[in-house]
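Encoded as structure tokens, the structure appears first; notes follow it.
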Amino acid sequence: MARRISLREFQEHLSRRLSGVAQGESASSLLGVQAGQSFWLLDLSESGEIVPLPSLAPVPLTHKAFAGLANIRGNLHAVTDFPAFLGEEPTALHNPAARLLLVGAKHGNNVALLVTRLLGLKNPADFEAGTPPAQAPAWNAATLVDPDGREWHRLDLKALLSDPQFMNIVA
């Protein structure tokens with residue numbers, strides 16, 4: 001009888017394979033996401049699990065970027081609407097393309113980023129260095145430009161999760 005594996009185990013295995021860890025390759029892949037009108041790249045090995053947007057339980061007296069709590073397989077995750085955190089319009093909760101990135105598990109907390117949509121895997125070799133924005137926060141690690149001239153920002157998840165402004169949800 002074939003061994004059954006959970007969806008989480010499958011995603012972790014796929015993540016390792018795609019990032020080259022399972023094959024001993026040195027090149028890493030980037031996960032492209034859209035947050036409002038901006039484009040972001042996350043190191044695939046740091047990005048965590050991706051899930052469709054579940055129902056969110058609102059939490060009163062919190063910042064508008066704090067979208068609420070999500071129950072993912074019995075674990076509560078604090079969900080931050082990444083576009084709203086960036087100062088853009090909040091993500092429409094009825095958007096079928098919206099996804100949650102469970103980014104905090106690797107760093108010991110249950111934090112999820114709500115993004116407008118996933119844009120797939122990106123090859124780091126396809127990007128050139130761009131001009132970083134003035135006064136960029138530490139979690140905006142770099143600015144890159146794709147072959148079409150579109151500007152992307154490299155997200156440092158560890159720096160984001162340690163940013164006091166990100167972690168402060170009180171309105």
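Identifiers for the structure tokens are assigned positionally: chains receive A, B, ... in sequence, residues are indexed from 1 per chain, and ligands are indexed from 1 in the order shown.
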Skip Phe39 in chain A itself and residues of its chain fewer than 4 positions away, then list as a PDB file with N, CA, C and O atoms, in the first residue's frame all residues within 8 Å of it, counting only C-alpha atoms.
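The resulting file, part-v8.pdb, is reproduced below:
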```pdb
ATOM      1  N   GLY A  32       7.869  34.737  -6.095  1.00  0.00           N
ATOM      2  CA  GLY A  32       7.357  36.057  -6.433  1.00  0.00           C
ATOM      3  C   GLY A  32       5.924  36.214  -5.969  1.00  0.00           C
ATOM      4  O   GLY A  32       5.103  35.326  -6.195  1.00  0.00           O
ATOM      5  N   VAL A  33       5.640  37.338  -5.286  1.00  0.00           N
ATOM      6  CA  VAL A  33       4.285  37.634  -4.846  1.00  0.00           C
ATOM      7  C   VAL A  33       3.973  39.086  -5.184  1.00  0.00           C
ATOM      8  O   VAL A  33       4.865  39.919  -5.294  1.00  0.00           O
ATOM      9  N   GLN A  34       2.682  39.344  -5.335  1.00  0.00           N
ATOM     10  CA  GLN A  34       2.229  40.714  -5.512  1.00  0.00           C
ATOM     11  C   GLN A  34       1.530  41.131  -4.232  1.00  0.00           C
ATOM     12  O   GLN A  34       0.691  40.401  -3.704  1.00  0.00           O
ATOM     13  N   ALA A  35       1.896  42.299  -3.724  1.00  0.00           N
ATOM     14  CA  ALA A  35       1.268  42.874  -2.534  1.00  0.00           C
ATOM     15  C   ALA A  35       0.739  44.243  -2.933  1.00  0.00           C
ATOM     16  O   ALA A  35       1.507  45.205  -3.028  1.00  0.00           O
ATOM     17  N   GLU A 151      10.051  46.605 -11.357  1.00  0.00           N
ATOM     18  CA  GLU A 151      10.817  46.677 -10.111  1.00  0.00           C
ATOM     19  C   GLU A 151      10.260  45.688  -9.081  1.00  0.00           C
ATOM     20  O   GLU A 151       9.052  45.603  -8.877  1.00  0.00           O
ATOM     21  N   TRP A 152      11.167  44.940  -8.467  1.00  0.00           N
ATOM     22  CA  TRP A 152      10.836  43.963  -7.428  1.00  0.00           C
ATOM     23  C   TRP A 152      11.625  44.315  -6.172  1.00  0.00           C
ATOM     24  O   TRP A 152      12.717  44.865  -6.249  1.00  0.00           O
ATOM     25  N   HIS A 153      11.071  43.972  -5.022  1.00  0.00           N
ATOM     26  CA  HIS A 153      11.750  44.191  -3.751  1.00  0.00           C
ATOM     27  C   HIS A 153      12.016  42.833  -3.117  1.00  0.00           C
ATOM     28  O   HIS A 153      11.159  41.964  -3.106  1.00  0.00           O
TER      29      HIS A 153
END
```
Would you kindly return, as a PyMOL selection string, each protein, DNA or RNA residue with an atom no farther than 12 Å from any atom of Gly108 in chain A, considering only C-alpha atoms and excluding same-chain residues fewer than 5 positions away? chain A and resi 48+77+102-103+158+161-162
Please identify all polymer residues within 10 Å of range 120-135 of chain A, counting only C-alpha atoms, omitting same-chain residues fewer than 6 positions from it, and present them as a ChimeraX atom specification. /A:18-19,27-33,41-44,141-153
Please, could you write that set of residues out with N, CA, C and O atoms as an mmCIF file, in the first residue's frame?
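Written out: selection33.cif:
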```
data_model
loop_
_atom_site.group_PDB
_atom_site.id
_atom_site.type_symbol
_atom_site.label_atom_id
_atom_site.label_comp_id
_atom_site.auth_asym_id
_atom_site.auth_seq_id
_atom_site.Cartn_x
_atom_site.Cartn_y
_atom_site.Cartn_z
ATOM 1 N N LEU A 18 12.632 22.201 -5.085
ATOM 2 C CA LEU A 18 12.684 23.365 -5.962
ATOM 3 C C LEU A 18 13.837 24.293 -5.617
ATOM 4 O O LEU A 18 14.388 24.958 -6.484
ATOM 5 N N SER A 19 14.187 24.362 -4.362
ATOM 6 C CA SER A 19 15.290 25.252 -3.974
ATOM 7 C C SER A 19 16.649 24.589 -4.132
ATOM 8 O O SER A 19 17.671 25.184 -3.879
ATOM 9 N N ALA A 27 22.214 26.970 -6.372
ATOM 10 C CA ALA A 27 21.320 28.060 -6.737
ATOM 11 C C ALA A 27 20.014 27.958 -5.959
ATOM 12 O O ALA A 27 19.492 26.876 -5.761
ATOM 13 N N SER A 28 19.493 29.095 -5.531
ATOM 14 C CA SER A 28 18.216 29.087 -4.828
ATOM 15 C C SER A 28 17.169 29.733 -5.711
ATOM 16 O O SER A 28 17.478 30.483 -6.623
ATOM 17 N N SER A 29 15.934 29.409 -5.433
ATOM 18 C CA SER A 29 14.823 29.995 -6.168
ATOM 19 C C SER A 29 14.171 31.059 -5.317
ATOM 20 O O SER A 29 14.267 31.048 -4.098
ATOM 21 N N LEU A 30 13.481 31.954 -5.978
ATOM 22 C CA LEU A 30 12.755 33.009 -5.296
ATOM 23 C C LEU A 30 11.272 32.827 -5.580
ATOM 24 O O LEU A 30 10.874 32.433 -6.673
ATOM 25 N N LEU A 31 10.461 33.124 -4.572
ATOM 26 C CA LEU A 31 9.020 33.095 -4.732
ATOM 27 C C LEU A 31 8.558 34.521 -4.982
ATOM 28 O O LEU A 31 8.835 35.416 -4.182
ATOM 29 N N GLY A 32 7.869 34.737 -6.095
ATOM 30 C CA GLY A 32 7.357 36.057 -6.433
ATOM 31 C C GLY A 32 5.924 36.214 -5.969
ATOM 32 O O GLY A 32 5.103 35.326 -6.195
ATOM 33 N N VAL A 33 5.640 37.338 -5.286
ATOM 34 C CA VAL A 33 4.285 37.634 -4.846
ATOM 35 C C VAL A 33 3.973 39.086 -5.184
ATOM 36 O O VAL A 33 4.865 39.919 -5.294
ATOM 37 N N LEU A 41 9.971 39.550 -3.734
ATOM 38 C CA LEU A 41 10.649 38.264 -3.884
ATOM 39 C C LEU A 41 11.047 37.761 -2.507
ATOM 40 O O LEU A 41 11.621 38.509 -1.709
ATOM 41 N N LEU A 42 10.743 36.499 -2.234
ATOM 42 C CA LEU A 42 11.105 35.864 -0.974
ATOM 43 C C LEU A 42 11.960 34.655 -1.286
ATOM 44 O O LEU A 42 11.695 33.937 -2.262
ATOM 45 N N ASP A 43 12.950 34.419 -0.472
ATOM 46 C CA ASP A 43 13.752 33.220 -0.611
ATOM 47 C C ASP A 43 12.821 32.033 -0.373
ATOM 48 O O ASP A 43 12.152 31.953 0.657
ATOM 49 N N LEU A 44 12.759 31.123 -1.320
ATOM 50 C CA LEU A 44 11.827 30.009 -1.232
ATOM 51 C C LEU A 44 12.043 29.190 0.032
ATOM 52 O O LEU A 44 11.081 28.744 0.659
ATOM 53 N N ALA A 141 15.263 44.269 1.655
ATOM 54 C CA ALA A 141 16.685 43.965 1.549
ATOM 55 C C ALA A 141 17.351 44.449 0.269
ATOM 56 O O ALA A 141 18.539 44.747 0.274
ATOM 57 N N ALA A 142 16.623 44.493 -0.829
ATOM 58 C CA ALA A 142 17.221 44.906 -2.094
ATOM 59 C C ALA A 142 16.125 45.252 -3.081
ATOM 60 O O ALA A 142 14.980 44.837 -2.931
ATOM 61 N N THR A 143 16.499 45.996 -4.091
ATOM 62 C CA THR A 143 15.603 46.280 -5.205
ATOM 63 C C THR A 143 16.211 45.645 -6.440
ATOM 64 O O THR A 143 17.399 45.807 -6.711
ATOM 65 N N LEU A 144 15.388 44.896 -7.149
ATOM 66 C CA LEU A 144 15.837 44.201 -8.352
ATOM 67 C C LEU A 144 14.915 44.569 -9.508
ATOM 68 O O LEU A 144 13.768 44.965 -9.302
ATOM 69 N N VAL A 145 15.428 44.412 -10.723
ATOM 70 C CA VAL A 145 14.650 44.724 -11.919
ATOM 71 C C VAL A 145 14.644 43.487 -12.813
ATOM 72 O O VAL A 145 15.693 42.889 -13.053
ATOM 73 N N ASP A 146 13.443 43.107 -13.282
ATOM 74 C CA ASP A 146 13.335 41.937 -14.152
ATOM 75 C C ASP A 146 13.578 42.345 -15.608
ATOM 76 O O ASP A 146 13.714 43.539 -15.917
ATOM 77 N N PRO A 147 13.649 41.378 -16.531
ATOM 78 C CA PRO A 147 13.911 41.705 -17.942
ATOM 79 C C PRO A 147 12.863 42.623 -18.576
ATOM 80 O O PRO A 147 13.147 43.297 -19.564
ATOM 81 N N ASP A 148 11.648 42.676 -18.019
ATOM 82 C CA ASP A 148 10.611 43.563 -18.540
ATOM 83 C C ASP A 148 10.675 44.968 -17.954
ATOM 84 O O ASP A 148 9.824 45.803 -18.240
ATOM 85 N N GLY A 149 11.660 45.225 -17.089
ATOM 86 C CA GLY A 149 11.822 46.537 -16.477
ATOM 87 C C GLY A 149 10.982 46.742 -15.228
ATOM 88 O O GLY A 149 10.947 47.831 -14.675
ATOM 89 N N ARG A 150 10.313 45.690 -14.754
ATOM 90 C CA ARG A 150 9.480 45.779 -13.546
ATOM 91 C C ARG A 150 10.363 45.733 -12.306
ATOM 92 O O ARG A 150 11.277 44.932 -12.210
ATOM 93 N N GLU A 151 10.051 46.605 -11.357
ATOM 94 C CA GLU A 151 10.817 46.677 -10.111
ATOM 95 C C GLU A 151 10.260 45.688 -9.081
ATOM 96 O O GLU A 151 9.052 45.603 -8.877
ATOM 97 N N TRP A 152 11.167 44.940 -8.467
ATOM 98 C CA TRP A 152 10.836 43.963 -7.428
ATOM 99 C C TRP A 152 11.625 44.315 -6.172
ATOM 100 O O TRP A 152 12.717 44.865 -6.249
ATOM 101 N N HIS A 153 11.071 43.972 -5.022
ATOM 102 C CA HIS A 153 11.750 44.191 -3.751
ATOM 103 C C HIS A 153 12.016 42.833 -3.117
ATOM 104 O O HIS A 153 11.159 41.964 -3.106
#
```
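Atom pair CA of Leu160 in chain A / CA of Ile50 in chain A has a distance of 17.8 Å (rounded to one decimal).
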What's around range 93-100 of chain A at 8 Å? Count only C-alpha atoms, leave out sequence neighbours fewer than 4 positions away in its own chain, and write the answer as a PDB file with N, CA, C and O atoms, in the first residue's frame.
```
ATOM      1  N   ILE A  50       2.237  27.835   1.791  1.00  0.00           N
ATOM      2  CA  ILE A  50       1.288  28.705   1.098  1.00  0.00           C
ATOM      3  C   ILE A  50      -0.077  28.047   1.186  1.00  0.00           C
ATOM      4  O   ILE A  50      -0.222  26.868   0.860  1.00  0.00           O
ATOM      5  N   VAL A  51      -1.084  28.806   1.634  1.00  0.00           N
ATOM      6  CA  VAL A  51      -2.435  28.254   1.742  1.00  0.00           C
ATOM      7  C   VAL A  51      -3.448  29.233   1.151  1.00  0.00           C
ATOM      8  O   VAL A  51      -3.226  30.447   1.155  1.00  0.00           O
ATOM      9  N   PRO A  52      -4.567  28.692   0.634  1.00  0.00           N
ATOM     10  CA  PRO A  52      -5.646  29.584   0.199  1.00  0.00           C
ATOM     11  C   PRO A  52      -6.163  30.380   1.394  1.00  0.00           C
ATOM     12  O   PRO A  52      -6.043  29.951   2.538  1.00  0.00           O
ATOM     13  N   LEU A  53      -6.755  31.512   1.106  1.00  0.00           N
ATOM     14  CA  LEU A  53      -7.235  32.385   2.168  1.00  0.00           C
ATOM     15  C   LEU A  53      -8.432  31.765   2.888  1.00  0.00           C
ATOM     16  O   LEU A  53      -9.485  31.578   2.290  1.00  0.00           O
ATOM     17  N   VAL A  79      -2.482  37.108  11.163  1.00  0.00           N
ATOM     18  CA  VAL A  79      -2.410  37.445   9.739  1.00  0.00           C
ATOM     19  C   VAL A  79      -2.244  38.950   9.564  1.00  0.00           C
ATOM     20  O   VAL A  79      -3.093  39.729  10.008  1.00  0.00           O
ATOM     21  N   ALA A 112       1.411  34.961   9.555  1.00  0.00           N
ATOM     22  CA  ALA A 112       1.110  34.772   8.136  1.00  0.00           C
ATOM     23  C   ALA A 112       1.001  36.128   7.453  1.00  0.00           C
ATOM     24  O   ALA A 112       0.532  37.095   8.053  1.00  0.00           O
ATOM     25  N   LEU A 113       1.448  36.172   6.216  1.00  0.00           N
ATOM     26  CA  LEU A 113       1.294  37.368   5.386  1.00  0.00           C
ATOM     27  C   LEU A 113       0.193  37.125   4.378  1.00  0.00           C
ATOM     28  O   LEU A 113       0.201  36.107   3.674  1.00  0.00           O
ATOM     29  N   LEU A 114      -0.743  38.042   4.313  1.00  0.00           N
ATOM     30  CA  LEU A 114      -1.783  38.011   3.295  1.00  0.00           C
ATOM     31  C   LEU A 114      -1.260  38.789   2.098  1.00  0.00           C
ATOM     32  O   LEU A 114      -0.879  39.957   2.232  1.00  0.00           O
ATOM     33  N   VAL A 115      -1.182  38.132   0.942  1.00  0.00           N
ATOM     34  CA  VAL A 115      -0.701  38.786  -0.276  1.00  0.00           C
ATOM     35  C   VAL A 115      -1.799  38.760  -1.330  1.00  0.00           C
ATOM     36  O   VAL A 115      -2.690  37.910  -1.302  1.00  0.00           O
ATOM     37  N   THR A 116      -1.728  39.690  -2.258  1.00  0.00           N
ATOM     38  CA  THR A 116      -2.733  39.836  -3.295  1.00  0.00           C
ATOM     39  C   THR A 116      -2.779  38.615  -4.208  1.00  0.00           C
ATOM     40  O   THR A 116      -3.843  38.112  -4.542  1.00  0.00           O
ATOM     41  N   ARG A 117      -1.587  38.142  -4.611  1.00  0.00           N
ATOM     42  CA  ARG A 117      -1.519  36.923  -5.421  1.00  0.00           C
ATOM     43  C   ARG A 117      -0.092  36.421  -5.510  1.00  0.00           C
ATOM     44  O   ARG A 117       0.868  37.175  -5.297  1.00  0.00           O
ATOM     45  N   LEU A 118       0.028  35.132  -5.822  1.00  0.00           N
ATOM     46  CA  LEU A 118       1.327  34.518  -6.052  1.00  0.00           C
ATOM     47  C   LEU A 118       1.698  34.684  -7.514  1.00  0.00           C
ATOM     48  O   LEU A 118       0.836  34.586  -8.390  1.00  0.00           O
TER      49      LEU A 118
END
```
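Using only C-alpha atoms, the nearest neighbour of Asn110 in chain A within the list A:Asn140, A:Asn71, A:Thr62, A:Thr91 is A:Asn71.
Every protein or nucleic acid residue with an atom no more than 10 Å from Gly87 in chain A, counting only C-alpha atoms and leaving out same-chain residues fewer than 3 positions away, appears here: A:Gly36, A:Lys64, A:Ala65, A:Phe82, A:Pro83, A:Ala84, A:Pro90.
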Keeping only all heavy atoms, write the selected residues to a file as a CSV table (one decimal), in the first residue's frame.
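Below is the file that was written, again-v8.csv:
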```
chain,number,residue,atom,x,y,z
A,36,GLY,N,-0.6,44.3,-3.2
A,36,GLY,CA,-1.1,45.6,-3.7
A,36,GLY,C,-0.5,45.8,-5.1
A,36,GLY,O,-0.7,45.0,-6.0
A,64,LYS,N,-5.0,48.6,11.2
A,64,LYS,CA,-5.8,48.2,10.0
A,64,LYS,C,-5.0,47.1,9.2
A,64,LYS,O,-5.6,46.3,8.4
A,64,LYS,CB,-6.1,49.3,9.1
A,64,LYS,CG,-5.0,49.9,8.3
A,64,LYS,CD,-5.5,51.0,7.3
A,64,LYS,CE,-4.3,51.4,6.5
A,64,LYS,NZ,-4.7,52.1,5.3
A,65,ALA,N,-3.7,47.0,9.3
A,65,ALA,CA,-2.9,46.0,8.6
A,65,ALA,C,-3.1,44.6,9.2
A,65,ALA,O,-2.8,43.6,8.6
A,65,ALA,CB,-1.5,46.4,8.5
A,82,PHE,N,-0.3,42.3,4.0
A,82,PHE,CA,1.0,42.9,3.6
A,82,PHE,C,0.8,44.2,2.8
A,82,PHE,O,1.5,45.2,3.1
A,82,PHE,CB,1.9,41.9,2.9
A,82,PHE,CG,3.3,42.3,2.8
A,82,PHE,CD1,4.0,42.8,3.9
A,82,PHE,CD2,4.0,42.2,1.6
A,82,PHE,CE1,5.3,43.2,3.8
A,82,PHE,CE2,5.3,42.6,1.5
A,82,PHE,CZ,6.0,43.1,2.6
A,83,PRO,N,-0.1,44.3,1.9
A,83,PRO,CA,-0.3,45.5,1.2
A,83,PRO,C,-0.8,46.7,2.1
A,83,PRO,O,-0.3,47.8,2.0
A,83,PRO,CB,-1.5,45.2,0.2
A,83,PRO,CG,-1.4,43.8,-0.1
A,83,PRO,CD,-0.9,43.2,1.2
A,84,ALA,N,-1.6,46.4,3.1
A,84,ALA,CA,-2.1,47.4,4.1
A,84,ALA,C,-0.9,47.8,4.9
A,84,ALA,O,-0.7,49.0,5.3
A,84,ALA,CB,-3.2,46.9,4.9
A,90,PRO,N,-6.1,47.8,1.6
A,90,PRO,CA,-6.2,46.4,2.2
A,90,PRO,C,-6.6,45.4,1.1
A,90,PRO,O,-7.3,45.8,0.1
A,90,PRO,CB,-7.2,46.5,3.3
A,90,PRO,CG,-7.3,47.9,3.6
A,90,PRO,CD,-7.0,48.7,2.4
```
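Interatomic distance, CA of Glu89 in chain A to CA of Ala138 in chain A: 22.4 Å.
Interatomic distance, CA of Phe85 in chain A to CA of Gln165 in chain A: 9.3 Å.
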Do you know which residues are at most 7 Å from Leu69 in chain A counting only C-alpha atoms, after dropping those on the same chain fewer than 6 positions away, and could you put them as a PDB file with C-alpha atoms, in the first residue's frame?
```
ATOM      1  CA  LEU A  56     -10.332  35.284   9.280  1.00  0.00           C
ATOM      2  CA  ALA A  57     -11.500  36.058  12.796  1.00  0.00           C
ATOM      3  CA  PRO A  58     -11.302  39.818  13.326  1.00  0.00           C
ATOM      4  CA  LEU A  76      -3.934  30.025  15.108  1.00  0.00           C
ATOM      5  CA  HIS A  77      -1.881  32.321  12.889  1.00  0.00           C
ATOM      6  CA  ALA A  78      -1.705  36.099  13.236  1.00  0.00           C
ATOM      7  CA  VAL A  79      -2.410  37.445   9.739  1.00  0.00           C
TER       8      VAL A  79
END
```
Could you pull out the strand (DSSP E) residues of range 22-75 of chain A from DSSP and send them as a PyMOL selection string? chain A and resi 30-35+38-43+49-52+56-57+66-72+75
Could the residues in this selection be saved with N, CA and C atoms as a short mmCIF file (atom, residue, chain, number, x, y, z; two decimals), in the first residue's frame?
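Below is the file result-v1.cif, written as the result:
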```
data_model
loop_
_atom_site.label_atom_id
_atom_site.label_comp_id
_atom_site.auth_asym_id
_atom_site.auth_seq_id
_atom_site.Cartn_x
_atom_site.Cartn_y
_atom_site.Cartn_z
N LEU A 30 13.48 31.95 -5.98
CA LEU A 30 12.76 33.01 -5.30
C LEU A 30 11.27 32.83 -5.58
N LEU A 31 10.46 33.12 -4.57
CA LEU A 31 9.02 33.10 -4.73
C LEU A 31 8.56 34.52 -4.98
N GLY A 32 7.87 34.74 -6.10
CA GLY A 32 7.36 36.06 -6.43
C GLY A 32 5.92 36.21 -5.97
N VAL A 33 5.64 37.34 -5.29
CA VAL A 33 4.28 37.63 -4.85
C VAL A 33 3.97 39.09 -5.18
N GLN A 34 2.68 39.34 -5.34
CA GLN A 34 2.23 40.71 -5.51
C GLN A 34 1.53 41.13 -4.23
N ALA A 35 1.90 42.30 -3.72
CA ALA A 35 1.27 42.87 -2.53
C ALA A 35 0.74 44.24 -2.93
N SER A 38 2.77 46.46 -5.56
CA SER A 38 4.21 46.20 -5.55
C SER A 38 4.51 44.71 -5.68
N PHE A 39 5.71 44.42 -6.12
CA PHE A 39 6.14 43.05 -6.37
C PHE A 39 7.30 42.71 -5.44
N TRP A 40 7.21 41.53 -4.83
CA TRP A 40 8.17 41.12 -3.81
C TRP A 40 8.73 39.74 -4.11
N LEU A 41 9.97 39.55 -3.73
CA LEU A 41 10.65 38.26 -3.88
C LEU A 41 11.05 37.76 -2.51
N LEU A 42 10.74 36.50 -2.23
CA LEU A 42 11.10 35.86 -0.97
C LEU A 42 11.96 34.66 -1.29
N ASP A 43 12.95 34.42 -0.47
CA ASP A 43 13.75 33.22 -0.61
C ASP A 43 12.82 32.03 -0.37
N GLU A 49 4.92 27.78 4.20
CA GLU A 49 3.80 27.15 3.51
C GLU A 49 2.87 28.20 2.89
N ILE A 50 2.24 27.83 1.79
CA ILE A 50 1.29 28.70 1.10
C ILE A 50 -0.08 28.05 1.19
N VAL A 51 -1.08 28.81 1.63
CA VAL A 51 -2.43 28.25 1.74
C VAL A 51 -3.45 29.23 1.15
N PRO A 52 -4.57 28.69 0.63
CA PRO A 52 -5.65 29.58 0.20
C PRO A 52 -6.16 30.38 1.39
N LEU A 56 -11.15 34.61 8.28
CA LEU A 56 -10.33 35.28 9.28
C LEU A 56 -11.22 35.77 10.41
N ALA A 57 -10.78 35.55 11.63
CA ALA A 57 -11.50 36.06 12.80
C ALA A 57 -10.95 37.44 13.11
N PHE A 66 -3.53 44.58 10.47
CA PHE A 66 -3.72 43.27 11.10
C PHE A 66 -5.07 42.74 10.66
N ALA A 67 -5.05 41.73 9.78
CA ALA A 67 -6.28 41.23 9.17
C ALA A 67 -7.08 40.34 10.10
N GLY A 68 -6.44 39.74 11.09
CA GLY A 68 -7.15 38.87 12.02
C GLY A 68 -6.39 37.59 12.28
N LEU A 69 -7.13 36.60 12.77
CA LEU A 69 -6.55 35.29 13.09
C LEU A 69 -7.10 34.25 12.14
N ALA A 70 -6.23 33.36 11.70
CA ALA A 70 -6.63 32.26 10.83
C ALA A 70 -6.34 30.94 11.52
N ASN A 71 -7.29 30.02 11.43
CA ASN A 71 -7.10 28.68 11.96
C ASN A 71 -6.61 27.79 10.83
N ILE A 72 -5.35 27.41 10.90
CA ILE A 72 -4.76 26.53 9.89
C ILE A 72 -4.45 25.20 10.57
N ASN A 75 -4.09 25.35 14.33
CA ASN A 75 -3.14 26.33 14.87
C ASN A 75 -3.57 27.73 14.46
#
```
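Residue nearest Asp81 in chain A within the list A:Pro137, A:Val111, A:Leu119, A:Gly104: A:Val111 [criterion: smallest interatomic distance, only C-alpha atoms].
Note that DSSP on the backbone gives helix (DSSP H, G or I) to these residues of range 56-102 of chain A: A:Phe82, A:Pro83, A:Ala84, A:Phe85.
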